>>> print(open('data.txt').read())   # compact mmCIF, C-alpha atoms and all ligand atoms
# COMPACT_ATOMS: atom_id res chain seq x y z
CA MET N 28 -44.05 -28.21 -4.57
CA GLU N 29 -41.67 -30.91 -3.37
CA ILE N 30 -38.30 -31.49 -5.02
CA ARG N 31 -37.93 -35.24 -5.56
CA THR N 32 -35.25 -35.35 -8.25
CA VAL N 33 -32.08 -33.34 -8.74
CA ALA N 34 -30.04 -33.01 -11.94
CA ILE N 35 -26.44 -31.77 -11.74
CA VAL N 36 -24.41 -30.56 -14.72
CA GLY N 37 -20.68 -30.37 -14.03
CA LEU N 38 -18.98 -33.23 -12.16
CA GLY N 39 -16.08 -31.23 -10.77
CA ALA N 40 -15.23 -30.24 -7.20
CA LEU N 41 -18.70 -28.95 -6.33
CA GLY N 42 -20.62 -31.40 -8.52
CA ILE N 43 -18.99 -34.40 -6.85
CA MET N 44 -19.31 -32.97 -3.33
CA TYR N 45 -23.00 -32.04 -3.58
CA GLY N 46 -23.83 -34.94 -5.93
CA LYS N 47 -22.51 -37.53 -3.49
CA HIS N 48 -24.09 -35.82 -0.49
CA LEU N 49 -27.50 -35.59 -2.19
CA ALA N 50 -27.33 -39.17 -3.53
CA ASP N 51 -26.45 -40.45 -0.05
CA HIS N 52 -29.59 -38.75 1.32
CA LEU N 53 -32.11 -39.08 -1.55
CA GLY N 54 -30.93 -42.34 -3.12
CA LYS N 55 -28.82 -42.89 -6.23
CA ASP N 56 -31.70 -42.75 -8.75
CA ALA N 57 -33.00 -39.42 -7.48
CA VAL N 58 -29.77 -37.61 -8.39
CA ARG N 59 -28.81 -37.47 -12.06
CA ILE N 60 -25.35 -36.50 -13.21
CA VAL N 61 -25.96 -35.12 -16.69
CA ALA N 62 -23.18 -35.10 -19.26
CA ASP N 63 -22.32 -35.95 -22.85
CA ARG N 64 -21.56 -39.59 -23.72
CA ASN N 65 -17.76 -39.08 -23.85
CA ARG N 66 -17.61 -37.63 -20.37
CA ILE N 67 -19.85 -40.38 -18.95
CA GLU N 68 -17.65 -43.06 -20.50
CA ARG N 69 -14.56 -41.43 -18.98
CA TYR N 70 -16.19 -41.12 -15.54
CA GLU N 71 -17.30 -44.77 -15.63
CA LYS N 72 -13.94 -46.04 -16.84
CA GLU N 73 -11.65 -44.00 -14.57
CA GLY N 74 -14.02 -43.66 -11.61
CA ILE N 75 -14.82 -40.54 -9.61
CA PHE N 76 -13.62 -40.47 -6.03
CA CYS N 77 -14.85 -38.43 -3.07
CA ASN N 78 -12.54 -38.44 -0.04
CA GLY N 79 -11.07 -41.70 -1.31
CA GLU N 80 -14.40 -43.48 -1.86
CA ARG N 81 -15.45 -44.40 -5.43
CA CYS N 82 -18.79 -42.73 -6.20
CA ASP N 83 -21.65 -44.79 -7.63
CA PHE N 84 -23.45 -42.05 -9.57
CA HIS N 85 -26.55 -42.29 -11.77
CA TYR N 86 -25.28 -40.88 -15.08
CA VAL N 87 -27.72 -39.53 -17.64
CA ASP N 88 -26.78 -38.85 -21.25
CA ALA N 89 -27.62 -35.24 -22.10
CA ASN N 90 -29.09 -36.35 -25.43
CA ASP N 91 -31.63 -38.73 -23.87
CA GLN N 92 -35.17 -37.54 -23.23
CA ALA N 93 -35.89 -37.46 -19.48
CA GLU N 94 -38.65 -36.61 -17.04
CA PRO N 95 -38.01 -33.03 -15.99
CA ALA N 96 -36.00 -32.79 -12.77
CA GLY N 97 -37.39 -30.98 -9.73
CA LEU N 98 -34.12 -29.08 -9.32
CA LEU N 99 -31.31 -28.45 -11.79
CA ILE N 100 -27.95 -27.34 -10.39
CA PHE N 101 -25.19 -25.92 -12.59
CA THR N 102 -21.70 -26.70 -11.26
CA VAL N 103 -19.47 -26.02 -14.27
CA LYS N 104 -16.83 -23.34 -14.63
CA PHE N 105 -17.98 -20.21 -16.45
CA ASN N 106 -16.29 -21.14 -19.71
CA GLY N 107 -18.30 -24.41 -19.72
CA LEU N 108 -21.65 -22.79 -18.96
CA GLN N 109 -22.96 -22.41 -22.51
CA GLY N 110 -22.27 -26.11 -23.19
CA ALA N 111 -23.82 -27.06 -19.85
CA ILE N 112 -26.99 -25.12 -20.69
CA GLU N 113 -27.31 -27.15 -23.90
CA SER N 114 -26.60 -30.39 -21.99
CA ALA N 115 -29.34 -29.50 -19.48
CA ARG N 116 -32.19 -28.90 -21.95
CA ASN N 117 -33.72 -32.38 -21.60
CA GLN N 118 -33.90 -32.02 -17.81
CA VAL N 119 -35.98 -28.85 -17.71
CA GLY N 120 -39.78 -28.70 -17.51
CA PRO N 121 -42.13 -25.89 -16.47
CA ASN N 122 -41.70 -26.66 -12.75
CA THR N 123 -37.95 -27.28 -12.66
CA ILE N 124 -36.17 -24.93 -10.26
CA LEU N 125 -32.85 -23.71 -11.66
CA ILE N 126 -29.88 -22.73 -9.57
CA SER N 127 -26.26 -21.92 -10.35
CA PHE N 128 -23.41 -22.63 -7.92
CA LEU N 129 -21.00 -20.76 -10.21
CA ASN N 130 -19.07 -17.90 -8.73
CA GLY N 131 -19.49 -14.37 -10.04
CA ILE N 132 -22.65 -12.46 -10.88
CA SER N 133 -23.00 -13.43 -14.55
CA SER N 134 -24.21 -17.04 -14.81
CA GLU N 135 -27.81 -16.35 -13.71
CA GLN N 136 -28.28 -14.00 -16.65
CA LEU N 137 -27.26 -16.68 -19.18
CA ILE N 138 -29.37 -19.40 -17.49
CA GLY N 139 -32.38 -17.08 -17.22
CA GLU N 140 -32.10 -16.13 -20.89
CA ALA N 141 -31.98 -19.82 -21.85
CA PHE N 142 -34.82 -21.17 -19.69
CA GLY N 143 -36.75 -18.19 -18.30
CA PHE N 144 -36.09 -16.12 -15.21
CA ASP N 145 -39.25 -17.31 -13.42
CA GLN N 146 -37.70 -20.69 -12.64
CA LEU N 147 -34.41 -19.29 -11.41
CA LEU N 148 -33.23 -18.74 -7.85
CA TYR N 149 -30.11 -16.68 -7.10
CA CYS N 150 -27.41 -18.27 -5.04
CA ILE N 151 -23.87 -18.43 -3.75
CA VAL N 152 -22.01 -21.30 -2.13
CA ALA N 153 -19.13 -20.72 0.28
CA GLY N 154 -17.11 -21.99 3.17
CA MET N 155 -16.04 -25.28 1.58
CA ASP N 156 -12.49 -26.53 1.03
CA ALA N 157 -13.24 -28.80 -1.92
CA SER N 158 -10.14 -29.59 -3.99
CA LYS N 159 -10.31 -31.78 -7.08
CA ILE N 160 -7.15 -33.03 -8.73
CA GLY N 161 -7.75 -35.42 -11.62
CA ASN N 162 -10.70 -37.63 -10.65
CA GLN N 163 -10.13 -37.25 -6.90
CA LEU N 164 -12.10 -34.82 -4.77
CA THR N 165 -11.14 -34.16 -1.18
CA TYR N 166 -12.92 -31.92 1.28
CA THR N 167 -13.30 -31.50 5.01
CA LYS N 168 -15.92 -28.70 5.05
CA ILE N 169 -19.08 -28.74 2.92
CA GLY N 170 -19.71 -25.01 3.43
CA PHE N 171 -23.18 -23.56 2.93
CA VAL N 172 -25.61 -22.48 0.23
CA SER N 173 -27.14 -19.04 0.43
CA PHE N 174 -30.14 -18.51 -1.87
CA GLY N 175 -33.23 -16.47 -2.64
CA GLU N 176 -35.37 -14.72 -5.21
CA ARG N 177 -33.82 -11.72 -6.90
CA ASP N 178 -36.36 -9.48 -5.10
CA ASP N 179 -35.97 -11.46 -1.82
CA THR N 180 -39.62 -12.64 -1.75
CA ARG N 181 -40.28 -15.87 0.15
CA SER N 182 -41.73 -17.71 -2.85
CA GLU N 183 -42.88 -21.31 -3.26
CA LYS N 184 -39.55 -22.05 -4.97
CA VAL N 185 -37.60 -20.77 -1.99
CA ALA N 186 -39.70 -22.91 0.35
CA ALA N 187 -39.18 -26.00 -1.84
CA LEU N 188 -35.42 -25.58 -1.89
CA GLN N 189 -35.33 -24.91 1.82
CA GLN N 190 -37.29 -28.12 2.43
CA LEU N 191 -34.85 -30.09 0.22
CA PHE N 192 -31.84 -28.75 2.11
CA GLU N 193 -33.50 -29.56 5.45
CA ARG N 194 -34.25 -33.10 4.28
CA THR N 195 -30.74 -33.67 2.95
CA GLU N 196 -28.85 -31.86 5.73
CA ILE N 197 -27.18 -29.35 3.45
CA PRO N 198 -26.26 -26.22 5.43
CA TYR N 199 -28.05 -23.19 3.99
CA GLU N 200 -29.23 -19.68 4.70
CA ILE N 201 -31.85 -17.45 3.12
CA PRO N 202 -30.26 -14.02 3.45
CA GLU N 203 -32.20 -10.79 3.70
CA HIS N 204 -30.76 -9.58 0.38
CA ILE N 205 -29.41 -12.22 -1.94
CA MET N 206 -27.97 -9.73 -4.46
CA HIS N 207 -25.92 -8.14 -1.68
CA LYS N 208 -24.71 -11.62 -0.74
CA MET N 209 -23.72 -12.34 -4.33
CA TRP N 210 -21.64 -9.17 -4.46
CA SER N 211 -20.11 -10.02 -1.13
CA LYS N 212 -19.09 -13.45 -2.50
CA LEU N 213 -17.77 -11.81 -5.68
CA MET N 214 -15.61 -9.71 -3.38
CA VAL N 215 -14.17 -12.84 -1.74
CA ASN N 216 -13.39 -14.58 -5.00
CA THR N 217 -11.86 -11.46 -6.48
CA GLY N 218 -9.44 -11.41 -3.56
CA VAL N 219 -8.94 -15.03 -2.53
CA ASN N 220 -9.13 -16.93 -5.83
CA GLN N 221 -7.03 -14.49 -7.81
CA SER N 222 -4.36 -13.90 -5.18
CA THR N 223 -3.79 -17.62 -4.48
CA ALA N 224 -3.53 -18.33 -8.21
CA VAL N 225 -1.10 -15.46 -8.85
CA PHE N 226 1.09 -16.18 -5.81
CA GLU N 227 0.91 -19.93 -6.39
CA THR N 228 -0.37 -20.82 -2.96
CA GLY N 229 -3.34 -22.40 -1.18
CA TYR N 230 -5.42 -21.20 1.77
CA GLY N 231 -2.35 -21.57 4.01
CA GLY N 232 -0.53 -18.85 2.03
CA ILE N 233 -3.23 -16.25 2.61
CA GLN N 234 -3.85 -17.16 6.25
CA VAL N 235 -0.56 -15.55 7.33
CA PRO N 236 0.63 -11.92 6.99
CA GLY N 237 2.38 -11.13 3.73
CA LYS N 238 1.91 -9.99 0.12
CA PRO N 239 -0.67 -12.68 -0.85
CA ARG N 240 -2.94 -11.76 2.10
CA ASP N 241 -2.43 -8.01 1.55
CA THR N 242 -3.40 -8.50 -2.10
CA VAL N 243 -6.56 -10.37 -1.10
CA ILE N 244 -7.63 -7.44 1.07
CA ALA N 245 -6.65 -4.72 -1.41
CA ALA N 246 -8.52 -6.43 -4.28
CA MET N 247 -11.59 -6.83 -2.06
CA LYS N 248 -11.55 -3.12 -1.21
CA GLU N 249 -11.74 -2.29 -4.91
CA VAL N 250 -14.83 -4.49 -5.18
CA VAL N 251 -16.49 -2.53 -2.36
CA LYS N 252 -15.95 0.75 -4.25
CA VAL N 253 -17.30 -0.63 -7.52
CA ALA N 254 -20.28 -2.29 -5.79
CA ASN N 255 -21.21 0.98 -4.09
CA ALA N 256 -21.06 2.78 -7.44
CA GLU N 257 -23.43 0.10 -8.81
CA GLY N 258 -25.84 0.86 -5.96
CA VAL N 259 -24.98 -2.20 -3.84
CA PRO N 260 -24.27 -1.18 -0.21
CA LEU N 261 -21.34 -3.56 0.27
CA ARG N 262 -19.19 -2.56 3.25
CA GLU N 263 -15.46 -2.86 3.95
CA ASP N 264 -16.27 -4.36 7.36
CA GLU N 265 -17.67 -7.45 5.58
CA ILE N 266 -14.11 -8.31 4.58
CA ALA N 267 -13.21 -9.38 8.13
CA GLY N 268 -16.05 -11.93 8.25
CA TRP N 269 -14.89 -13.57 5.02
CA LEU N 270 -11.25 -13.60 6.16
CA LYS N 271 -12.39 -15.45 9.28
CA ILE N 272 -14.13 -18.11 7.16
CA ASN N 273 -11.02 -18.51 5.00
CA ASP N 274 -8.70 -18.58 8.01
CA GLU N 275 -10.56 -21.64 9.28
CA LEU N 276 -10.23 -23.64 6.05
CA ASN N 277 -7.76 -26.47 5.63
CA PRO N 278 -4.40 -24.69 4.90
CA GLU N 279 -3.60 -27.47 2.42
CA GLY N 280 -6.82 -26.77 0.48
CA MET N 281 -7.03 -24.27 -2.36
CA PRO N 282 -9.65 -22.16 -4.11
CA SER N 283 -11.03 -23.26 -7.47
CA MET N 284 -8.87 -20.82 -9.46
CA ARG N 285 -5.64 -22.17 -7.95
CA GLN N 286 -6.87 -25.65 -8.91
CA ASP N 287 -7.30 -24.33 -12.47
CA THR N 288 -3.80 -22.87 -12.76
CA LEU N 289 -2.21 -25.98 -11.23
CA GLN N 290 -3.93 -28.10 -13.85
CA HIS N 291 -3.23 -25.59 -16.65
CA ARG N 292 -6.88 -24.79 -17.31
CA ARG N 293 -8.33 -21.45 -18.32
CA THR N 294 -9.32 -19.42 -15.27
CA GLU N 295 -12.49 -17.53 -14.39
CA VAL N 296 -10.60 -14.20 -14.36
CA ASP N 297 -13.28 -12.63 -16.55
CA LEU N 298 -15.84 -13.25 -13.80
CA PHE N 299 -13.69 -11.51 -11.18
CA ALA N 300 -11.06 -8.90 -12.26
CA GLY N 301 -12.76 -8.78 -15.69
CA THR N 302 -16.07 -7.67 -14.14
CA ILE N 303 -14.48 -5.29 -11.62
CA ARG N 304 -12.24 -3.58 -14.21
CA GLN N 305 -15.13 -3.14 -16.61
CA LEU N 306 -17.43 -1.65 -13.95
CA GLY N 307 -14.54 0.40 -12.55
CA LYS N 308 -14.08 2.02 -15.98
CA LYS N 309 -17.82 2.63 -16.26
CA HIS N 310 -17.78 4.58 -12.96
CA GLY N 311 -14.32 6.17 -13.28
CA ILE N 312 -12.94 4.13 -10.35
CA PRO N 313 -9.29 3.03 -10.64
CA THR N 314 -8.71 -0.69 -9.97
CA PRO N 315 -4.89 -1.08 -9.94
CA VAL N 316 -4.86 -4.28 -7.87
CA ASN N 317 -7.34 -5.99 -10.16
CA ASP N 318 -5.41 -4.67 -13.19
CA PHE N 319 -2.28 -6.35 -11.79
CA LEU N 320 -4.13 -9.61 -11.03
CA TYR N 321 -5.81 -9.61 -14.44
CA GLU N 322 -2.53 -9.16 -16.29
CA ARG N 323 -0.74 -11.80 -14.21
CA LEU N 324 -3.55 -14.32 -14.70
CA ARG N 325 -3.63 -13.74 -18.45
CA ALA N 326 0.18 -14.24 -18.50
CA ILE N 327 -0.16 -17.47 -16.51
CA GLU N 328 -2.78 -18.77 -18.97
CA ALA N 329 -0.58 -17.79 -21.92
CA SER N 330 2.40 -19.61 -20.39
CA TYR N 331 0.63 -23.02 -20.61
CA ALA N 332 0.81 -22.96 -24.39
CA LYS N 333 4.59 -22.37 -24.39
CA GLU N 334 5.50 -25.54 -22.45
N1 LIG N 401 -14.31 -25.56 -6.00
C1 LIG N 401 -14.85 -24.83 -5.05
O1 LIG N 401 -14.54 -25.01 -3.86
C2 LIG N 401 -15.84 -23.77 -5.37
C3 LIG N 401 -16.19 -23.46 -6.67
N2 LIG N 401 -17.12 -22.48 -6.91
C4 LIG N 401 -17.53 -22.16 -8.27
O2 LIG N 401 -18.31 -23.23 -8.75
C5 LIG N 401 -18.11 -23.41 -10.14
C6 LIG N 401 -17.62 -24.83 -10.38
O3 LIG N 401 -16.36 -24.96 -9.78
P1 LIG N 401 -15.61 -26.34 -9.58
O4 LIG N 401 -16.55 -27.35 -9.06
O5 LIG N 401 -14.39 -26.04 -8.80
O6 LIG N 401 -15.25 -26.67 -11.10
P2 LIG N 401 -14.41 -27.88 -11.73
O7 LIG N 401 -13.54 -27.33 -12.79
O8 LIG N 401 -13.84 -28.72 -10.66
O9 LIG N 401 -15.56 -28.73 -12.42
C7 LIG N 401 -16.32 -28.32 -13.51
C8 LIG N 401 -16.79 -29.57 -14.20
O10 LIG N 401 -17.72 -29.24 -15.22
C9 LIG N 401 -17.62 -30.24 -16.21
N3 LIG N 401 -18.23 -29.76 -17.44
C10 LIG N 401 -17.84 -28.72 -18.21
N4 LIG N 401 -18.69 -28.57 -19.25
C11 LIG N 401 -19.65 -29.53 -19.12
C12 LIG N 401 -20.79 -29.90 -19.88
N5 LIG N 401 -21.13 -29.25 -21.01
N6 LIG N 401 -21.54 -30.95 -19.46
C13 LIG N 401 -21.20 -31.64 -18.36
N7 LIG N 401 -20.12 -31.34 -17.59
C14 LIG N 401 -19.36 -30.29 -17.97
C15 LIG N 401 -16.13 -30.50 -16.32
O11 LIG N 401 -15.99 -31.80 -16.74
P3 LIG N 401 -14.58 -32.44 -17.23
O12 LIG N 401 -13.72 -32.47 -16.03
O13 LIG N 401 -15.02 -33.76 -17.65
O14 LIG N 401 -14.13 -31.53 -18.33
C16 LIG N 401 -15.64 -30.31 -14.88
O15 LIG N 401 -15.49 -31.54 -14.22
C17 LIG N 401 -17.11 -22.33 -10.58
O16 LIG N 401 -17.79 -21.20 -11.03
C18 LIG N 401 -16.38 -22.01 -9.28
O17 LIG N 401 -15.84 -20.71 -9.29
C19 LIG N 401 -17.77 -21.84 -5.91
C20 LIG N 401 -17.46 -22.10 -4.61
C21 LIG N 401 -16.45 -23.06 -4.22
C1 LIG N 402 -12.82 -19.48 -2.06
C2 LIG N 402 -14.04 -20.33 -2.18
C3 LIG N 402 -13.86 -21.73 -1.69
C4 LIG N 402 -15.10 -19.73 -1.28
O1 LIG N 402 -15.17 -20.23 -0.01
C5 LIG N 402 -14.51 -20.34 -3.60
O2 LIG N 402 -15.52 -19.78 -3.89
C6 LIG N 402 -13.72 -21.00 -4.66
O3 LIG N 402 -12.85 -21.83 -4.39
O4 LIG N 402 -14.01 -20.71 -5.83
>>> encode(input="data.txt", output="structure tokens", more="lines below")
Ligand SMILES: NC(=O)C1=CN([C@@H]2O[C@H](COP(=O)(O)OP(=O)(O)OC[C@H]3O[C@@H](n4cnc5c(N)ncnc54)[C@H](OP(=O)(O)O)[C@@H]3O)[C@@H](O)[C@H]2O)C=CC1
Ligand SMILES: CC(C)(CO)C(=O)C(=O)O
Amino acid sequence: MEIRTVAIVGLGALGIMYGKHLADHLGKDAVRIVADRNRIERYEKEGIFCNGERCDFHYVDANDQAEPAGLLIFTVKFNGLQGAIESARNQVGPNTILISFLNGISSEQLIGEAFGFDQLLYCIVAGMDASKIGNQLTYTKIGFVSFGERDDTRSEKVAALQQLFERTEIPYEIPEHIMHKMWSKLMVNTGVNQSTAVFETGYGGIQVPGKPRDTVIAAMKEVVKVANAEGVPLREDEIAGWLKINDELNPEGMPSMRQDTLQHRRTEVDLFAGTIRQLGKKHGIPTPVNDFLYERLRAIEASYAKE
């Protein structure tokens, strides 16, 4: 099982970063950027730029029939996922491996329901400082992909993806327990993404002592409690490791949620505080920091309409 072709749905910060990197290694034709006609026309007219260089992508209209891709990567925001699943239908065959780079622990369920769980691998991506404003992506760190089967077996799919990442020099890891890793990443996003968006700052603002950094840590601690109640042995000492990763990112860079609020887009708050509040209620665990972040983020979203 060798992955020869990759389809990507969602040409945003991650889609551009991985799309360009993969196309540079596999060749333009091996990497399809799948979108509706209107988006493709816009991308072709305005251009898509990666660290200042115009990208020469192979665009594929979602409505056109295509040979199934070896790998399909979802890189949309959560509120675009349902549309992206529809856009991806012509790329999927019985051997297509499916993977979601979305944050949170919800996208795999929707993708599995649409295409079958057998073709799905679970995954998180982290450690990058990809910022996209308009049609310009900048990044200095590509981060890493962490992936595996839900039950952590070393399947043929896992081997195929590992071989692709080796061939294309994409940093990766196959953790012992991918579901633990996904919760650990949910913990980071619940702290880092939400706090930077609420306090209107980038990585620099949470790399120094103060309310934004304290809020990151306090929100993460609530995730640990909820995860433990869900049977996931997340530990508070994992917080330090993630803070170290964030402390080494470009202080001028910003998490995806801060990019959303800056550009007046809906946020992924439902994936983070939304999930933690709901599970907190289920287990009788108070989540005051996530309640605060949730309310602030909803107020920020509501304020766009009033301008
Ligand atoms: N940015 C980052 O550094 C990181 C992001 N993540 C996660 O990865 C996911 C993607 O984030 P990010 O790359 O920042 O997102 P962006 O908002 O930058 O990009 C999402 C892109 O998806 C496109 N899109 C939406 N619907 C469709 C569709 N139906 N068909 C084709 N394209 C579509 C949008 O296109 P258009 O612009 O044309 O509307 C947009 O460009 C999120 O869940 C995020 O939390 C995880 C780790 C790091
Ligand atoms: C914070 C970060 C970059 C994780 O490293 C992320 O997941 C995001 O921006 O959504």
>>> closest_residue(input="data.txt", among="N:Ser222, N:Ser158, N:Gln305, N:Glu135", to="N:Gln290", atoms="all atoms listed in the file")
N:Ser158
>>> atom_distance(input="data.txt", atom1="atom CA of N:Lys238", atom2="atom CA of N:Ala326")
19.2 Å
>>> closest_atom_pairs(input="data.txt", of="chain N", to="ligand LIG 401 (chain N)", cutoff="7 Å", atoms="only C-alpha atoms and all ligand atoms", output="CSV")
residue,atom,partner,partner_atom,distance
N:Val36,CA,N:LIG401,C13,5.0
N:Gly37,CA,N:LIG401,O10,3.4
N:Leu38,CA,N:LIG401,O15,4.4
N:Gly39,CA,N:LIG401,O9,3.0
N:Ala40,CA,N:LIG401,O4,3.7
N:Leu41,CA,N:LIG401,O4,3.8
N:Gly42,CA,N:LIG401,O4,5.8
N:Val61,CA,N:LIG401,C13,6.1
N:Ala62,CA,N:LIG401,C13,4.1
N:Asp63,CA,N:LIG401,N6,6.1
N:Arg66,CA,N:LIG401,O13,5.4
N:Thr102,CA,N:LIG401,C6,4.6
N:Val103,CA,N:LIG401,O10,3.8
N:Lys104,CA,N:LIG401,C17,4.2
N:Phe105,CA,N:LIG401,O16,5.5
N:Gly107,CA,N:LIG401,N4,4.2
N:Leu108,CA,N:LIG401,N4,6.5
N:Gly110,CA,N:LIG401,N5,4.0
N:Ala111,CA,N:LIG401,N5,3.7
N:Ser114,CA,N:LIG401,N5,5.7
N:Phe128,CA,N:LIG401,O2,5.2
N:Leu129,CA,N:LIG401,O16,3.3
N:Asn130,CA,N:LIG401,O16,4.2
N:Val152,CA,N:LIG401,C20,5.2
N:Ala153,CA,N:LIG401,C20,5.3
N:Met155,CA,N:LIG401,O1,5.6
N:Asp156,CA,N:LIG401,O1,5.5
N:Ala157,CA,N:LIG401,O1,4.5
N:Ser158,CA,N:LIG401,N1,6.1
N:Lys159,CA,N:LIG401,O8,5.9
N:Pro282,CA,N:LIG401,O1,5.7
N:Ser283,CA,N:LIG401,N1,4.3
N:Met284,CA,N:LIG401,O17,7.0
N:Asp287,CA,N:LIG401,O7,6.9
N:Glu295,CA,N:LIG401,O17,6.9
>>> atom_distance(input="data.txt", atom1="atom CA of N:Ala300", atom2="atom CA of N:Gln221")
8.2 Å
>>> closest_residue(input="data.txt", among="N:Gly218, N:Gly154, N:Gly232, N:Gly301", to="ligand LIG 402 (chain N)", atoms="only C-alpha atoms and all ligand atoms")
N:Gly154
>>> closest_residue(input="data.txt", among="N:Phe84, N:Tyr166, N:Phe101, N:Trp210", to="N:Leu137", atoms="all atoms listed in the file")
N:Phe101
>>> residues_around(input="data.txt", residues="N:Ala50", least_positions_apart="4", cutoff="10 Å", atoms="all atoms listed in the file", output="PyMOL selection string")
chain N and resi 32-33+45-46+54-59+82-85+195
>>> closest_residue(input="data.txt", among="N:Glu193, N:Asp51, N:Asp274, N:Glu200", to="ligand LIG 402 (chain N)", atoms="all atoms listed in the file")
N:Asp274
>>> residues_near_point(input="data.txt", point="(-27.5, -19.5, -9.1)", cutoff="12 Å", atoms="only C-alpha atoms", output="VMD selection string")
chain N and resid 98 to 103 108 124 to 139 144 146 to 152 172 to 177 205 to 206 208 to 209
>>> atom_distance(input="data.txt", atom1="atom CA of N:Val87", atom2="atom CA of N:Glu71")
11.8 Å
>>> closest_residue(input="data.txt", among="N:Thr165, N:Asn117, N:Asn65, N:Asn273", to="N:Phe142", atoms="all atoms listed in the file")
N:Asn117
>>> residues_near_point(input="data.txt", point="(-17.4, -10.5, -8.2)", cutoff="7 Å", atoms="only C-alpha atoms", output="number ranges by chain")
N: 131-132, 210, 212-214, 216-217, 298-299, 302-303
>>> residues_around(input="data.txt", residues="N:Ser211", least_positions_apart="6", cutoff="9 Å", atoms="all atoms listed in the file", output="tab-separated table (two decimals) with C-alpha atoms, in the frame of the given file")
chain	number	residue	atom	x	y	z
N	250	VAL	CA	-14.83	-4.49	-5.18
N	251	VAL	CA	-16.49	-2.53	-2.36
N	261	LEU	CA	-21.34	-3.56	0.27
N	262	ARG	CA	-19.19	-2.56	3.25
N	265	GLU	CA	-17.67	-7.45	5.58
N	266	ILE	CA	-14.11	-8.31	4.58
N	269	TRP	CA	-14.89	-13.57	5.02
>>> closest_residue(input="data.txt", among="N:Pro315, N:Pro236, N:Gly268, N:Pro260", to="ligand LIG 402 (chain N)", atoms="only C-alpha atoms and all ligand atoms")
N:Gly268
>>> residues_around(input="data.txt", residues="N:Thr288", least_positions_apart="6", cutoff="12 Å", atoms="all atoms listed in the file", output="NGL selection string")
:N and (160 or 220-229 or 281-282 or 294-296 or 323-331)
>>> decode(input="data.txt", residues="stretch 201-236 of chain N", atoms="C-alpha atoms", output="CSV table (one decimal), in the first residue's frame")
chain,number,residue,atom,x,y,z
N,201,ILE,CA,3.3,7.5,16.1
N,202,PRO,CA,2.4,7.8,19.7
N,203,GLU,CA,1.7,4.9,22.0
N,204,HIS,CA,-1.9,6.1,22.5
N,205,ILE,CA,-3.3,8.4,19.9
N,206,MET,CA,-6.6,9.1,21.8
N,207,HIS,CA,-4.5,10.3,24.8
N,208,LYS,CA,-2.6,12.5,22.4
N,209,MET,CA,-5.8,13.9,20.9
N,210,TRP,CA,-7.0,14.9,24.4
N,211,SER,CA,-3.7,16.4,25.2
N,212,LYS,CA,-3.9,18.5,22.1
N,213,LEU,CA,-7.5,19.4,22.9
N,214,MET,CA,-6.1,20.6,26.3
N,215,VAL,CA,-3.6,22.9,24.5
N,216,ASN,CA,-6.2,24.4,22.2
N,217,THR,CA,-8.6,25.0,25.0
N,218,GLY,CA,-6.0,27.0,26.7
N,219,VAL,CA,-3.9,28.6,24.0
N,220,ASN,CA,-6.4,29.3,21.2
N,221,GLN,CA,-9.1,30.6,23.4
N,222,SER,CA,-7.0,32.7,25.7
N,223,THR,CA,-5.1,34.5,22.8
N,224,ALA,CA,-8.4,35.2,21.1
N,225,VAL,CA,-10.1,36.6,24.2
N,226,PHE,CA,-7.1,38.7,25.3
N,227,GLU,CA,-6.4,39.8,21.7
N,228,THR,CA,-2.8,38.6,21.6
N,229,GLY,CA,-0.5,36.2,19.8
N,230,TYR,CA,2.0,33.7,21.1
N,231,GLY,CA,4.1,36.5,22.5
N,232,GLY,CA,1.3,37.5,24.9
N,233,ILE,CA,1.1,34.1,26.5
N,234,GLN,CA,4.9,33.5,26.6
N,235,VAL,CA,5.2,36.0,29.5
N,236,PRO,CA,3.7,36.0,33.0
